[in-house]
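This report refers to the structure that appears directly beneath it.
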Amino acid sequence: MKFLVFLGSARQSTPPAPARLGLRVARACVMHFQRHHPEHSVELIDPLDFTLDAVFKPHFAYARGAAPSDLQVLAEKISAADGYVMVSPEYNHTMSPALGHLLNHFGSSSFAYKPSAIVTYSAGQWGGVRAAVTMRSVLSELGCLPVSAMIHVPKAQEAFQEDGEVMAGQDALRWAEYLGRSFLQLEWWATATKAQRGLIDPHKLVKDFKRDPSQRNAPG
C-alpha cells in the first residue's frame with residue numbers, strides 16, 4: 001500500500017529552535033514505516049517542495065488538465081495513496097495554517113474512503129494535543145477518517161534527531177511501540193478500505209460534490 005506523511009510546517013526560521021522542528025517528527029514517522037512496514041511505500045509531503053499560487057485556487061477549480069504542475073502532481077499522489085499521516089504543530093489550539101492551506105487545495109473526494117492518523121508535536125510539554133481535537137473534525141470532513149490512537153510528541157527537540165532517529169538517552173523501543181499503536185491501526189483500516197474499494201467503487205454509490213452548489217442542498 002501507499003501512505004503519505006503530510007508535514008504541517010513551512011517555517012524555516014526560529015523560534016522554535018531548532019527550526020523546522022516538525023520535520024524531525026515527520027521523518028520519524030516515515031522511518032517507522034520503513035522499518036516496521038517495509039512492504040508498504042511511504043512518502044513525506046513537505047509544503048516547501050510544492051509551489052502554490054499566491055492567490056488561493058484549489059485543484060478542482062481548474063479545467064481538466066489545466067492545473068499547475070505542482071498541484072497536479074500532489075493531486076495524483078493523494079489519489080493513489082491508501083492512507084495518510086497528518087503531522088501538525090498547534091496554533092491557537094488548532095492545526096497549523098500550513099497544513100490547512102495545503103489540504104484545502106483538494107476536495108474531499110481526493111481523500112475519501114481512506115483512513116488517516118493524527119500526529120502533533122510541540123517544543124513544550126503539551127505536544128500539540130489541542131490541535132489534534134480540531135484535526136479530527138477537518139479530516140472527517142475530508143472523508144479520511146482518523147484512527148482512534150493519536151500521537152503527541154512534547155519537547156520534540158529532545159525526542160528526535162534531525163534525521164528522525166530517536167535521540168540518545170531516549171527509549172527507542174518505547175517510541176517504536178508508541179508510534180506503532182497508531183500506525184498499526186492505520187494499516188489495518190487501510191487494508192480494509194482498499195479491499196472494499198476494490199469490490200465496490202464508493203464514488204459510484206455516492207456522487208461527489210462538484211461545482212454546482214445545488215449538489216449540496218437538501219431537497220425541497
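Chain identifiers are assigned as A, B, and so on, following the order in which chains appear in the C-alpha cells; residues are numbered from 1 within each chain, and ligands are numbered from 1 in order of appearance.
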
So which bits of chain A end up alpha helix (DSSP H) when you DSSP the backbone, as JSON, numbers by chain?
{"A": [21, 22, 23, 24, 25, 26, 27, 28, 29, 30, 31, 32, 33, 34, 35, 36, 69, 70, 71, 72, 73, 74, 75, 76, 77, 78, 79, 80, 97, 98, 99, 100, 101, 102, 103, 108, 109, 110, 111, 129, 130, 131, 132, 133, 134, 135, 136, 137, 138, 139, 140, 141, 142, 156, 157, 158, 159, 172, 173, 174, 175, 176, 177, 178, 179, 180, 181, 182, 183, 184, 185, 186, 187, 188, 189, 190, 191, 192, 193, 194, 195, 196, 197, 198, 199, 202, 203, 204, 205]}

With a cut-off of 9 Å, could you pull out the residues of stretch 30-111 of chain A touching stretch 175-182 of chain A and give me the nearest pair of atoms for each, distance in Å to one decimal, using only C-alpha atoms, ordered by chain and ascending number, as CSV?
```
residue,atom,partner,partner_atom,distance
A:His32,CA,A:Ala176,CA,7.1
A:Phe33,CA,A:Gly180,CA,8.9
A:His36,CA,A:Gly180,CA,8.3
```

Please produce an output containing N, CA and C atoms for each residue in the selection, written as a short mmCIF file (atom, residue, chain, number, x, y, z; two decimals), in the first residue's frame.
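Full text of again24.cif as output:
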```cif
data_model
loop_
_atom_site.label_atom_id
_atom_site.label_comp_id
_atom_site.auth_asym_id
_atom_site.auth_seq_id
_atom_site.Cartn_x
_atom_site.Cartn_y
_atom_site.Cartn_z
N HIS A 32 9.66 4.98 10.77
CA HIS A 32 8.94 3.88 11.43
C HIS A 32 8.30 2.97 10.39
N PHE A 33 7.66 3.56 9.40
CA PHE A 33 7.05 2.76 8.35
C PHE A 33 8.10 1.94 7.60
N HIS A 36 9.27 -0.93 10.09
CA HIS A 36 8.30 -1.88 10.63
C HIS A 36 7.24 -2.32 9.63
#
```

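Minimum atom-to-atom distance to A:Phe50, evaluated using only C-alpha atoms, belongs to A:Leu7 out of A:Ala66, A:Leu7, A:Ile118, A:Leu23.
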
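Atom CA of A:Gly143 sits 22.3 Å away from atom CA of A:Ser9.
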
Please extract the residues of stretch 88-143 of chain A with a backbone DSSP assignment of strand (DSSP E or B) and present them as a short mmCIF file (atom, residue, chain, number, x, y, z; two decimals) with N, CA and C atoms, in the first residue's frame.
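Result file selection_14.cif:
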```cif
data_model
loop_
_atom_site.label_atom_id
_atom_site.label_comp_id
_atom_site.auth_asym_id
_atom_site.auth_seq_id
_atom_site.Cartn_x
_atom_site.Cartn_y
_atom_site.Cartn_z
N SER A 88 1.25 17.90 12.60
CA SER A 88 1.00 19.34 12.78
C SER A 88 1.43 19.84 14.15
N TYR A 91 -1.42 25.84 16.61
CA TYR A 91 -1.53 27.29 16.51
C TYR A 91 -2.87 27.71 17.05
N THR A 94 -5.39 24.99 17.42
CA THR A 94 -5.85 24.29 16.22
C THR A 94 -4.66 23.90 15.36
N SER A 116 -6.77 7.97 8.12
CA SER A 116 -5.66 8.88 8.42
C SER A 116 -5.24 8.69 9.87
N ALA A 117 -4.05 9.17 10.20
CA ALA A 117 -3.55 9.17 11.57
C ALA A 117 -3.10 10.58 11.92
N ILE A 118 -3.37 10.99 13.14
CA ILE A 118 -3.05 12.33 13.61
C ILE A 118 -1.77 12.29 14.46
N VAL A 119 -0.82 13.14 14.11
CA VAL A 119 0.44 13.28 14.85
C VAL A 119 0.64 14.77 15.15
N THR A 120 0.77 15.13 16.41
CA THR A 120 1.03 16.52 16.77
C THR A 120 2.30 16.60 17.61
N TYR A 121 2.87 17.79 17.66
CA TYR A 121 4.13 17.97 18.37
C TYR A 121 4.24 19.40 18.88
#
```

Pick out the residues sitting within 9 Å of A:Ala81, and hand them over as JSON, numbers by chain; count only C-alpha atoms, and ignore anything fewer than 6 positions along from it in its own chain.
{"A": [1, 2, 3, 4, 111, 114]}

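When atom CA of A:Leu44 is paired with atom CA of A:Ala168, their separation reads 23.9 Å.
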
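Those residues that approach stretch 152-154 of chain A to within 7 Å, counting only C-alpha atoms, are Val119, Thr120, Tyr121, Ser122, Ala123, Gly124, Gln125, Trp126, Gly127, Gly128 and Val129 of chain A; same-chain residues fewer than 4 positions away are not listed.
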
Residue with the minimum atom-to-atom distance to A:Ser79, picked from A:Ser108, A:Gln161, A:Thr134, A:Gln12 with only C-alpha atoms counted, is A:Ser108

Tell me, as number ranges by chain, which residues lie within 6 Å of stretch 185-196 of chain A, counting only C-alpha atoms; anything in the same chain fewer than 6 positions away does not count.
A: 82-83, 115

Written selection (N, CA and C atoms) as a short mmCIF file (atom, residue, chain, number, x, y, z; two decimals), in the first residue's frame:
```cif
data_model
loop_
_atom_site.label_atom_id
_atom_site.label_comp_id
_atom_site.auth_asym_id
_atom_site.auth_seq_id
_atom_site.Cartn_x
_atom_site.Cartn_y
_atom_site.Cartn_z
N ASP A 82 -3.25 5.11 -0.06
CA ASP A 82 -4.23 4.30 0.66
C ASP A 82 -4.48 4.80 2.07
N GLY A 83 -3.64 5.72 2.54
CA GLY A 83 -3.81 6.27 3.87
C GLY A 83 -2.88 7.45 4.06
N PRO A 115 -8.27 5.92 5.48
CA PRO A 115 -8.02 6.35 6.86
C PRO A 115 -6.86 7.34 6.97
#
```

Residue neighbourhood A:Tyr62, 12 Å, only C-alpha atoms, exclusion window fewer than 5 positions, as a list in words
Phe56, Lys57, Ala67, Pro68, Ser69, Leu71, Gln72, His105, Phe106, Lys210 and Arg211 of chain A
